[in-house]
Structure formats: structure tokens, C-alpha cells
>>> print(open('final.txt').read())   # compact mmCIF, C-alpha atoms
# COMPACT_ATOMS: atom_id res chain seq x y z
CA MET A 22 -2.57 77.22 -49.66
CA ARG A 23 -2.58 80.39 -47.64
CA THR A 24 -2.91 79.95 -43.94
CA ARG A 25 -3.52 82.43 -41.24
CA ASN A 26 -1.67 82.04 -38.01
CA SER A 27 -1.28 84.34 -35.09
CA ASP A 28 2.54 84.12 -35.05
CA LYS A 29 2.64 85.43 -38.59
CA GLU A 30 0.10 88.09 -37.73
CA LYS A 31 2.24 89.22 -34.79
CA LEU A 32 5.33 89.27 -37.02
CA VAL A 33 3.52 91.40 -39.59
CA GLU A 34 2.43 93.80 -36.87
CA GLN A 35 5.95 94.09 -35.44
CA LYS A 36 7.52 94.62 -38.87
CA THR A 37 4.87 97.19 -39.77
CA ILE A 38 5.68 99.15 -36.63
CA GLU A 39 9.43 98.90 -37.32
CA MET A 40 9.05 99.96 -40.93
CA LEU A 41 6.80 102.87 -40.07
CA VAL A 42 9.26 104.05 -37.43
CA GLU A 43 12.29 103.71 -39.69
CA GLU A 44 10.86 105.00 -42.95
CA GLY A 45 7.76 106.98 -42.06
CA PHE A 46 4.31 106.61 -43.51
CA GLN A 47 5.25 108.02 -46.92
CA GLY A 48 8.14 105.60 -47.46
CA PHE A 49 6.04 102.64 -46.46
CA SER A 50 4.69 100.18 -49.01
CA MET A 51 2.89 96.85 -48.81
CA ASN A 52 5.43 95.36 -51.22
CA ARG A 53 8.40 96.22 -49.04
CA LEU A 54 6.60 95.13 -45.92
CA ALA A 55 5.86 91.74 -47.49
CA LYS A 56 9.56 91.37 -48.37
CA ALA A 57 10.62 92.29 -44.84
CA CYS A 58 8.23 89.70 -43.41
CA ASP A 59 9.30 87.11 -46.00
CA ILE A 60 5.70 86.55 -47.05
CA SER A 61 3.84 87.21 -50.29
CA VAL A 62 1.99 90.45 -50.91
CA ALA A 63 -1.18 88.39 -51.29
CA THR A 64 -0.79 87.06 -47.75
CA LEU A 65 -0.39 90.61 -46.48
CA TYR A 66 -3.68 91.56 -48.05
CA ILE A 67 -5.35 88.88 -45.97
CA TYR A 68 -4.46 90.85 -42.86
CA TYR A 69 -4.97 94.36 -44.22
CA LYS A 70 -7.48 95.61 -46.76
CA ASP A 71 -5.24 98.47 -47.85
CA LYS A 72 -2.73 100.95 -46.44
CA ASP A 73 -5.41 102.90 -44.56
CA ASP A 74 -6.84 99.73 -43.07
CA MET A 75 -3.34 98.80 -41.98
CA ILE A 76 -2.75 102.06 -40.16
CA LYS A 77 -6.15 101.73 -38.53
CA LYS A 78 -5.42 98.24 -37.22
CA ILE A 79 -1.89 99.06 -36.07
CA GLY A 80 -3.17 102.24 -34.42
CA ALA A 81 -5.85 100.28 -32.58
CA SER A 82 -3.32 97.68 -31.47
CA VAL A 83 -0.78 100.26 -30.23
CA GLY A 84 -3.61 102.10 -28.49
CA LYS A 85 -4.76 98.91 -26.78
CA THR A 86 -1.30 98.14 -25.38
CA PHE A 87 -0.88 101.73 -24.22
CA MET A 88 -4.27 101.63 -22.52
CA SER A 89 -3.77 98.32 -20.74
CA GLU A 90 -0.27 99.30 -19.55
CA THR A 91 -1.28 102.78 -18.41
CA LEU A 92 -4.41 101.71 -16.55
CA LYS A 93 -2.69 98.88 -14.60
CA GLY A 94 -3.53 99.31 -10.93
CA PHE A 95 -5.15 102.68 -11.66
CA SER A 96 -8.71 103.74 -10.91
CA PRO A 97 -10.42 107.09 -11.55
CA GLU A 98 -11.62 107.02 -7.92
CA MET A 99 -8.06 107.24 -6.58
CA SER A 100 -7.04 110.38 -4.70
CA PHE A 101 -5.33 112.88 -6.99
CA ALA A 102 -1.83 112.32 -5.55
CA ASP A 103 -2.08 108.50 -5.64
CA GLY A 104 -3.63 108.47 -9.10
CA LEU A 105 -1.06 110.80 -10.62
CA ARG A 106 1.77 108.80 -9.06
CA LYS A 107 0.36 105.62 -10.61
CA GLN A 108 0.05 107.38 -13.99
CA TRP A 109 3.67 108.55 -13.85
CA GLU A 110 4.90 105.04 -12.99
CA ASN A 111 2.77 103.38 -15.67
CA ARG A 112 3.54 105.88 -18.42
CA ALA A 113 7.28 105.76 -17.67
CA ARG A 114 7.25 101.96 -17.73
CA TYR A 115 5.32 101.93 -21.02
CA ALA A 116 7.63 104.44 -22.72
CA ILE A 117 10.73 102.48 -21.69
CA LYS A 118 9.32 99.05 -22.47
CA TYR A 119 7.74 99.99 -25.84
CA PRO A 120 9.92 102.66 -27.50
CA LYS A 121 8.99 101.55 -31.04
CA GLU A 122 5.27 101.67 -30.28
CA VAL A 123 5.68 105.20 -28.89
CA ALA A 124 7.49 106.33 -32.06
CA CYS A 125 4.89 104.57 -34.21
CA TYR A 126 2.08 106.31 -32.31
CA GLU A 127 3.65 109.67 -33.18
CA ILE A 128 3.89 108.76 -36.88
CA ILE A 129 0.31 107.53 -37.03
CA ARG A 130 -0.91 110.61 -35.18
CA HIS A 131 0.67 112.83 -37.84
CA SER A 132 -0.67 110.85 -40.79
CA GLN A 133 -3.80 111.84 -42.69
CA HIS A 134 -6.43 110.00 -40.65
CA GLY A 135 -4.21 109.30 -37.68
CA GLU A 136 -5.72 111.59 -35.13
CA TYR A 137 -9.21 110.25 -35.75
CA ILE A 138 -8.06 106.62 -35.58
CA LEU A 139 -6.16 107.10 -32.34
CA ASN A 140 -8.92 109.16 -30.79
CA GLU A 141 -11.31 106.34 -31.54
CA SER A 142 -9.05 103.64 -30.13
CA LEU A 143 -8.29 105.69 -27.02
CA LYS A 144 -11.85 106.82 -26.35
CA GLU A 145 -12.24 104.67 -23.25
CA PHE A 146 -8.84 105.71 -21.94
CA LYS A 147 -9.63 109.40 -22.37
CA GLN A 148 -12.93 108.97 -20.55
CA THR A 149 -11.16 107.28 -17.62
CA MET A 150 -8.65 110.15 -17.42
CA MET A 151 -11.46 112.69 -17.58
CA ASP A 152 -13.35 110.91 -14.78
CA PHE A 153 -10.19 110.95 -12.69
CA VAL A 154 -9.72 114.70 -13.14
CA GLN A 155 -13.38 115.45 -12.46
CA ASN A 156 -13.41 113.33 -9.30
CA ALA A 157 -10.25 115.05 -8.08
CA VAL A 158 -11.74 118.51 -8.68
CA LYS A 159 -14.95 117.45 -6.92
CA THR A 160 -13.05 116.22 -3.85
CA LYS A 161 -11.02 119.45 -3.94
CA THR A 162 -7.71 117.60 -4.32
CA LEU A 163 -7.05 119.24 -7.71
CA ILE A 164 -7.33 122.87 -8.82
CA PRO A 165 -9.87 123.28 -11.66
CA LEU A 166 -7.84 124.11 -14.80
CA ALA A 167 -8.10 124.27 -18.57
CA VAL A 168 -7.35 120.79 -19.91
CA GLU A 169 -4.17 121.83 -21.73
CA THR A 170 -2.86 123.60 -18.61
CA TYR A 171 -3.58 120.51 -16.54
CA TRP A 172 -1.99 118.10 -19.00
CA SER A 173 1.16 120.13 -19.60
CA VAL A 174 1.82 120.60 -15.87
CA ALA A 175 0.78 117.06 -14.85
CA PHE A 176 2.71 115.18 -17.54
CA GLY A 177 5.10 117.67 -19.20
CA PRO A 178 7.87 117.09 -16.65
CA LEU A 179 7.47 113.31 -16.89
CA TYR A 180 7.92 113.31 -20.67
CA THR A 181 10.96 115.57 -20.35
CA LEU A 182 12.48 113.04 -17.93
CA ILE A 183 11.62 110.17 -20.29
CA GLN A 184 13.44 112.07 -23.05
CA PHE A 185 16.51 112.47 -20.80
CA HIS A 186 16.34 108.76 -20.05
CA LYS A 187 16.25 107.88 -23.75
CA GLU A 188 19.26 110.06 -24.41
CA GLY A 189 20.95 108.67 -21.30
CA LYS A 190 21.83 112.15 -20.17
CA ALA A 191 20.23 115.31 -18.82
CA MET A 192 21.31 118.95 -18.96
CA GLY A 193 25.02 119.50 -19.63
CA GLY A 194 25.56 115.83 -20.48
CA LYS A 195 25.03 114.63 -16.93
CA PRO A 196 24.18 110.89 -16.97
CA PHE A 197 20.51 110.25 -16.24
CA LYS A 198 18.39 107.16 -15.68
CA LEU A 199 14.68 107.26 -14.96
CA SER A 200 13.72 105.46 -11.75
CA LYS A 201 11.26 105.77 -8.88
CA LYS A 202 13.99 107.70 -7.06
CA THR A 203 14.75 110.23 -9.83
CA MET A 204 11.03 110.69 -10.48
CA GLU A 205 10.18 111.42 -6.86
CA GLU A 206 11.22 115.07 -6.58
CA PRO A 207 9.63 116.36 -9.80
CA LEU A 208 6.48 114.32 -9.08
CA LYS A 209 6.15 115.84 -5.61
CA LEU A 210 6.53 119.33 -7.10
CA VAL A 211 3.85 118.63 -9.71
CA ILE A 212 1.43 117.33 -7.07
CA LYS A 213 2.15 120.38 -4.93
CA ALA A 214 1.54 122.74 -7.85
CA LEU A 215 -1.79 121.14 -8.77
CA THR A 216 -3.21 120.68 -5.26
CA PRO A 217 -5.33 123.53 -3.81
CA SER A 218 -3.59 125.36 -0.97
CA LYS A 219 -5.06 124.64 2.46
CA ASN A 220 -5.72 128.26 3.56
CA MET B 29 -19.07 87.62 -39.56
CA ILE B 30 -15.46 86.52 -39.90
CA THR B 31 -14.54 85.65 -43.46
CA SER B 32 -12.74 82.36 -43.92
CA ILE B 33 -9.27 82.73 -45.38
CA GLU B 34 -10.20 80.69 -48.45
CA ASP B 35 -12.84 83.28 -49.29
CA ILE B 36 -10.37 86.15 -49.61
CA LEU B 37 -9.25 86.62 -53.21
CA ILE B 38 -6.35 88.91 -54.05
CA PHE B 39 -5.53 90.26 -57.53
CA LYS B 40 -3.05 92.51 -59.23
CA THR B 41 -4.87 94.96 -61.53
CA ASN B 42 -4.48 98.20 -63.46
CA ILE B 43 -7.42 99.87 -61.68
CA ARG B 44 -5.43 102.98 -60.87
CA THR B 45 -7.77 105.90 -60.25
CA ASP B 46 -11.06 106.74 -58.56
CA GLU B 47 -12.57 106.99 -62.02
CA ASP B 48 -11.33 103.44 -62.83
CA ARG B 49 -12.80 102.20 -59.59
CA ARG B 50 -16.16 103.76 -60.41
CA ARG B 51 -16.10 101.84 -63.68
CA ILE B 52 -16.09 98.50 -61.88
CA GLN B 53 -18.23 99.62 -58.94
CA LEU B 54 -21.61 99.08 -60.54
CA THR B 55 -20.73 95.53 -61.58
CA MET B 56 -19.15 94.62 -58.26
CA ASP B 57 -22.00 96.03 -56.17
CA MET B 58 -24.53 94.31 -58.36
CA LEU B 59 -23.02 90.83 -58.14
CA ASP B 60 -24.77 88.70 -55.59
CA GLY B 61 -22.19 86.80 -53.59
CA ILE B 62 -19.50 89.44 -53.17
CA GLU B 63 -19.47 90.27 -49.47
CA LYS B 64 -16.83 92.98 -49.62
CA TRP B 65 -14.44 94.37 -52.18
CA ASN B 66 -11.88 97.14 -52.38
CA VAL B 67 -8.99 98.33 -54.51
CA ASP B 68 -5.83 99.67 -52.89
CA LEU B 69 -5.24 102.61 -55.21
CA GLN B 70 -2.11 103.58 -53.27
CA ASP B 71 -0.41 100.28 -54.03
CA ILE B 72 1.91 99.69 -56.98
CA ASP B 73 -0.06 96.54 -57.92
CA CYS B 74 -3.47 98.29 -57.48
CA VAL B 75 -4.51 95.28 -55.44
CA LEU B 76 -8.12 94.20 -55.72
CA ARG B 77 -9.29 92.36 -52.62
CA ILE B 78 -12.54 90.43 -52.65
CA GLU B 79 -14.36 88.52 -49.96
CA SER B 80 -16.65 85.97 -51.53
CA ASN B 81 -17.47 82.31 -51.09
CA LYS B 82 -19.33 82.13 -54.38
CA PHE B 83 -16.80 83.24 -56.99
CA SER B 84 -13.59 81.59 -58.09
CA SER B 85 -10.47 83.58 -58.99
CA ALA B 86 -10.97 82.71 -62.68
CA GLU B 87 -14.53 84.08 -62.60
CA ILE B 88 -13.41 87.33 -60.98
CA ILE B 89 -10.65 87.72 -63.58
CA SER B 90 -13.20 87.35 -66.41
CA ILE B 91 -15.52 89.89 -64.78
CA ILE B 92 -12.75 92.46 -64.31
CA ASN B 93 -11.47 91.86 -67.88
CA TYR B 94 -15.03 92.35 -69.11
CA CYS B 95 -15.07 95.76 -67.36
CA GLY B 96 -11.96 96.64 -69.38
CA PHE B 97 -9.16 96.09 -66.88
CA GLU B 98 -6.27 93.73 -66.51
CA CYS B 99 -6.48 91.33 -63.62
CA ALA B 100 -4.23 88.52 -62.44
CA GLU B 101 -4.14 86.50 -59.27
CA LEU B 102 -1.49 87.80 -56.87
CA GLU B 103 0.58 85.01 -55.38
>>> encode(input="final.txt", output="C-alpha cells")
Amino acid sequence: MRTRNSDKEKLVEQKTIEMLVEEGFQGFSMNRLAKACDISVATLYIYYKDKDDMIKKIGASVGKTFMSETLKGFSPEMSFADGLRKQWENRARYAIKYPKEVACYEIIRHSQHGEYILNESLKEFKQTMMDFVQNAVKTKTLIPLAVETYWSVAFGPLYTLIQFHKEGKAMGGKPFKLSKKTMEEPLKLVIKALTPSKN
Amino acid sequence: MITSIEDILIFKTNIRTDEDRRRIQLTMDMLDGIEKWNVDLQDIDCVLRIESNKFSSAEIISIINYCGFECAELE
């Protein structure tokens, strides 16, 4: 008798993420995943229709966690400086708390249908971010910019710092740990760069 | 509609290619009582997954055999 339970479902999801991160999408197989979860292949097919269905469901789940973590305490009506600060805090917390999910997101994004799947699951998130930017431009707290210019300046430095944090060191091997304190200076510079000058 | 777990039938087959799949498609689509079906062509066991509350595993095996393919319940 095959039974479905949410603990098992969670285990399958966790193992799928781990296996995708460790072996990539090409090296992944339902057989090996079943072995890693200590369940039968047949049970696995209860959760996922096929490999594509699996990536779709995992992508949606990773996207959902990312969205709920990143939008905590954030609203698109916030002033540009407050909103960006919240985004930095949330994104840093997410990246540190869920390193496997971040790596899995990258793998899914580079797979055949990945971009489409993630775009679909992050539709609402992208709309919220777009509303935030548009509101900020309207209230003249943000310079109007091409989206890629905006994104790379607004979040590029943050992801560089997250990378330093993961490696435990910055330039020249200097120890580095991401915190509100170490984020403060680069964040202030980013806000300054993106805010229209008063004169 | 959420399919009950008892209604999901899983088989190991030798339906390996798109052409093979087309050979069973007409039969599968025609059968009244099969809610959904798919074959994972990327999988080593070419897993056939069926959602149906009308057919038993034995019946599905006969149907797939009749179409000219091997089919066995995957445990």
C-alpha cells in the first residue's frame, strides 16, 4: 500500500534539491533519487509525473520560499531608501539561510525550460519589484534607468558581499562576515548613487 | 481535481521514443476512464504513469501489451 505523507514529500523535495546541486540536472535520475530517499521509484512517480514535472514543482517551491522571505516586511509603497534597505536585509538573510536553494535555483535557471518555469513562479514577485521601482521614480526618489542598469547597481554589490561571506573572506584573504554593520557602507553608497541629486 | 493515491498506476515499459508513444496515444486517449497519462521517456524504466479510477493494473498491462509493448507494474 502506497501512502502519501507530507514528511515524505518534504524529504523528497530536500533530496531533489541536494542531488541537483551536487550532480547537476544532467546527472540526475529518478532511480538514484528514489535510492537516496530510501523509497521505491513507483512512490516517486506519485509525486512527480516525470523529470520535467519534477523541475517545475521544485522550481515553484524554491520560488515560493524566495518570494515569501524576500517580501517580508516589504511593500512597494515604501520610500526608495527604506525599500532597498529591506530588500538587502531580506535577500542577504535568504541567501545565508538557504544556500542549497540558491544553488538549485541557478541550476534550474540554466536547464532547458528553467527560465520559463522560474519566470512563471516569480511573476508576482517581479510585479511587486516593478511597482516599487515605478513608485520610486514617480516620487522622484529614484533616477529613471534601464532595468539592467538599475538591477546591477542596486543589487550587484550585495551579491558580491554575499559571495565574500560564503567564502568567509574578502579581497586579499581578509576575513569577512556579512552583517547589518558590514552592509551599511555599501548600501548607503548604492542609495546615494541611485537617488536624484537635490540641485 | 486531486487524484487519490490509489488511482495512480505506475509501470515499467519499453516505450522509449516519441514514435513509440504515438503508437499507444490513440488507444490511451480513446479509453474512457483514463484521466491522465504520460511516459517519462528520459527515464531508464520508461515509466508509464496513469491516473484512473476505472482500470486495474492488470487491465493496463494487457492494453499496453496489445499495443505491442512490454509493461510491468513498478514496485
>>> interface_residues(input="final.txt", of="chain B", to="chain A", cutoff="7 Å", atoms="only C-alpha atoms", output="PyMOL selection string")
chain B and resi 36+38+68+77+102-103
>>> residues_around(input="final.txt", residues="Phe83 (chain B)", least_positions_apart="6", cutoff="9 Å", atoms="all atoms listed in the file", output="ChimeraX atom specification")
/B:35,61-62
>>> closest_residue(input="final.txt", among="B:Lys82, B:Lys40, B:Arg50, B:Lys64", to="Cys99 (chain B)", atoms="all atoms listed in the file")
B:Lys40
>>> atom_distance(input="final.txt", atom1="CA of Leu37 (chain B)", atom2="CA of Leu59 (chain B)")
15.2 Å
>>> residues_around(input="final.txt", residues="Leu41 (chain A)", least_positions_apart="4", cutoff="12 Å", atoms="only C-alpha atoms", output="number ranges by chain")
A: 33-37, 45-51, 53-54, 72, 75-76, 79-80, 121-132
>>> atom_distance(input="final.txt", atom1="CA of Asn156 (chain A)", atom2="CA of Thr203 (chain A)")
28.3 Å
>>> atom_distance(input="final.txt", atom1="CA of Asp152 (chain A)", atom2="CA of Glu98 (chain A)")
8.1 Å
>>> residues_around(input="final.txt", residues="Leu54 (chain B)", least_positions_apart="4", cutoff="12 Å", atoms="all atoms listed in the file", output="list of chain:residue names")
B:Asp48, B:Arg49, B:Arg50, B:Met58, B:Leu59, B:Asp60, B:Trp65, B:Ile91, B:Ile92, B:Cys95
>>> write_last_selection(input="final.txt", atoms="C-alpha atoms", output="PDB file, in the coordinates of the input")
ATOM      1  CA  ASP B  48     -11.330 103.440 -62.830  1.00  0.00           C
ATOM      2  CA  ARG B  49     -12.800 102.200 -59.590  1.00  0.00           C
ATOM      3  CA  ARG B  50     -16.160 103.760 -60.410  1.00  0.00           C
ATOM      4  CA  MET B  58     -24.530  94.310 -58.360  1.00  0.00           C
ATOM      5  CA  LEU B  59     -23.020  90.830 -58.140  1.00  0.00           C
ATOM      6  CA  ASP B  60     -24.770  88.700 -55.590  1.00  0.00           C
ATOM      7  CA  TRP B  65     -14.440  94.370 -52.180  1.00  0.00           C
ATOM      8  CA  ILE B  91     -15.520  89.890 -64.780  1.00  0.00           C
ATOM      9  CA  ILE B  92     -12.750  92.460 -64.310  1.00  0.00           C
ATOM     10  CA  CYS B  95     -15.070  95.760 -67.360  1.00  0.00           C
TER      11      CYS B  95
END
>>> residues_around(input="final.txt", residues="Val67 (chain B)", least_positions_apart="3", cutoff="7 Å", atoms="only C-alpha atoms", output="PDB file with C-alpha atoms, in the coordinates of the input")
ATOM      1  CA  CYS B  74      -3.470  98.290 -57.480  1.00  0.00           C
ATOM      2  CA  VAL B  75      -4.510  95.280 -55.440  1.00  0.00           C
ATOM      3  CA  LEU B  76      -8.120  94.200 -55.720  1.00  0.00           C
ATOM      4  CA  ARG B  77      -9.290  92.360 -52.620  1.00  0.00           C
TER       5      ARG B  77
END
>>> closest_residue(input="final.txt", among="B:Glu63, B:Asp57, B:Asp73, B:Glu79", to="Ala100 (chain B)", atoms="all atoms listed in the file")
B:Asp73
>>> residues_around(input="final.txt", residues="Phe97 (chain B)", least_positions_apart="3", cutoff="8 Å", atoms="all atoms listed in the file", output="PyMOL selection string")
chain B and resi 41-43+92-94
>>> closest_residue(input="final.txt", among="B:Met56, B:Leu69, B:Asn81, B:Arg51", to="Ile33 (chain B)", atoms="only C-alpha atoms")
B:Asn81
>>> axis_aligned_box(input="final.txt", around="region 90-103 of chain B", padding_each_side="3 Å", output="lines of an AutoDock Vina configuration file")
center_x = -7.5
center_y = 90.8
center_z = -62.4
size_x = 22.1
size_y = 17.6
size_z = 20.0
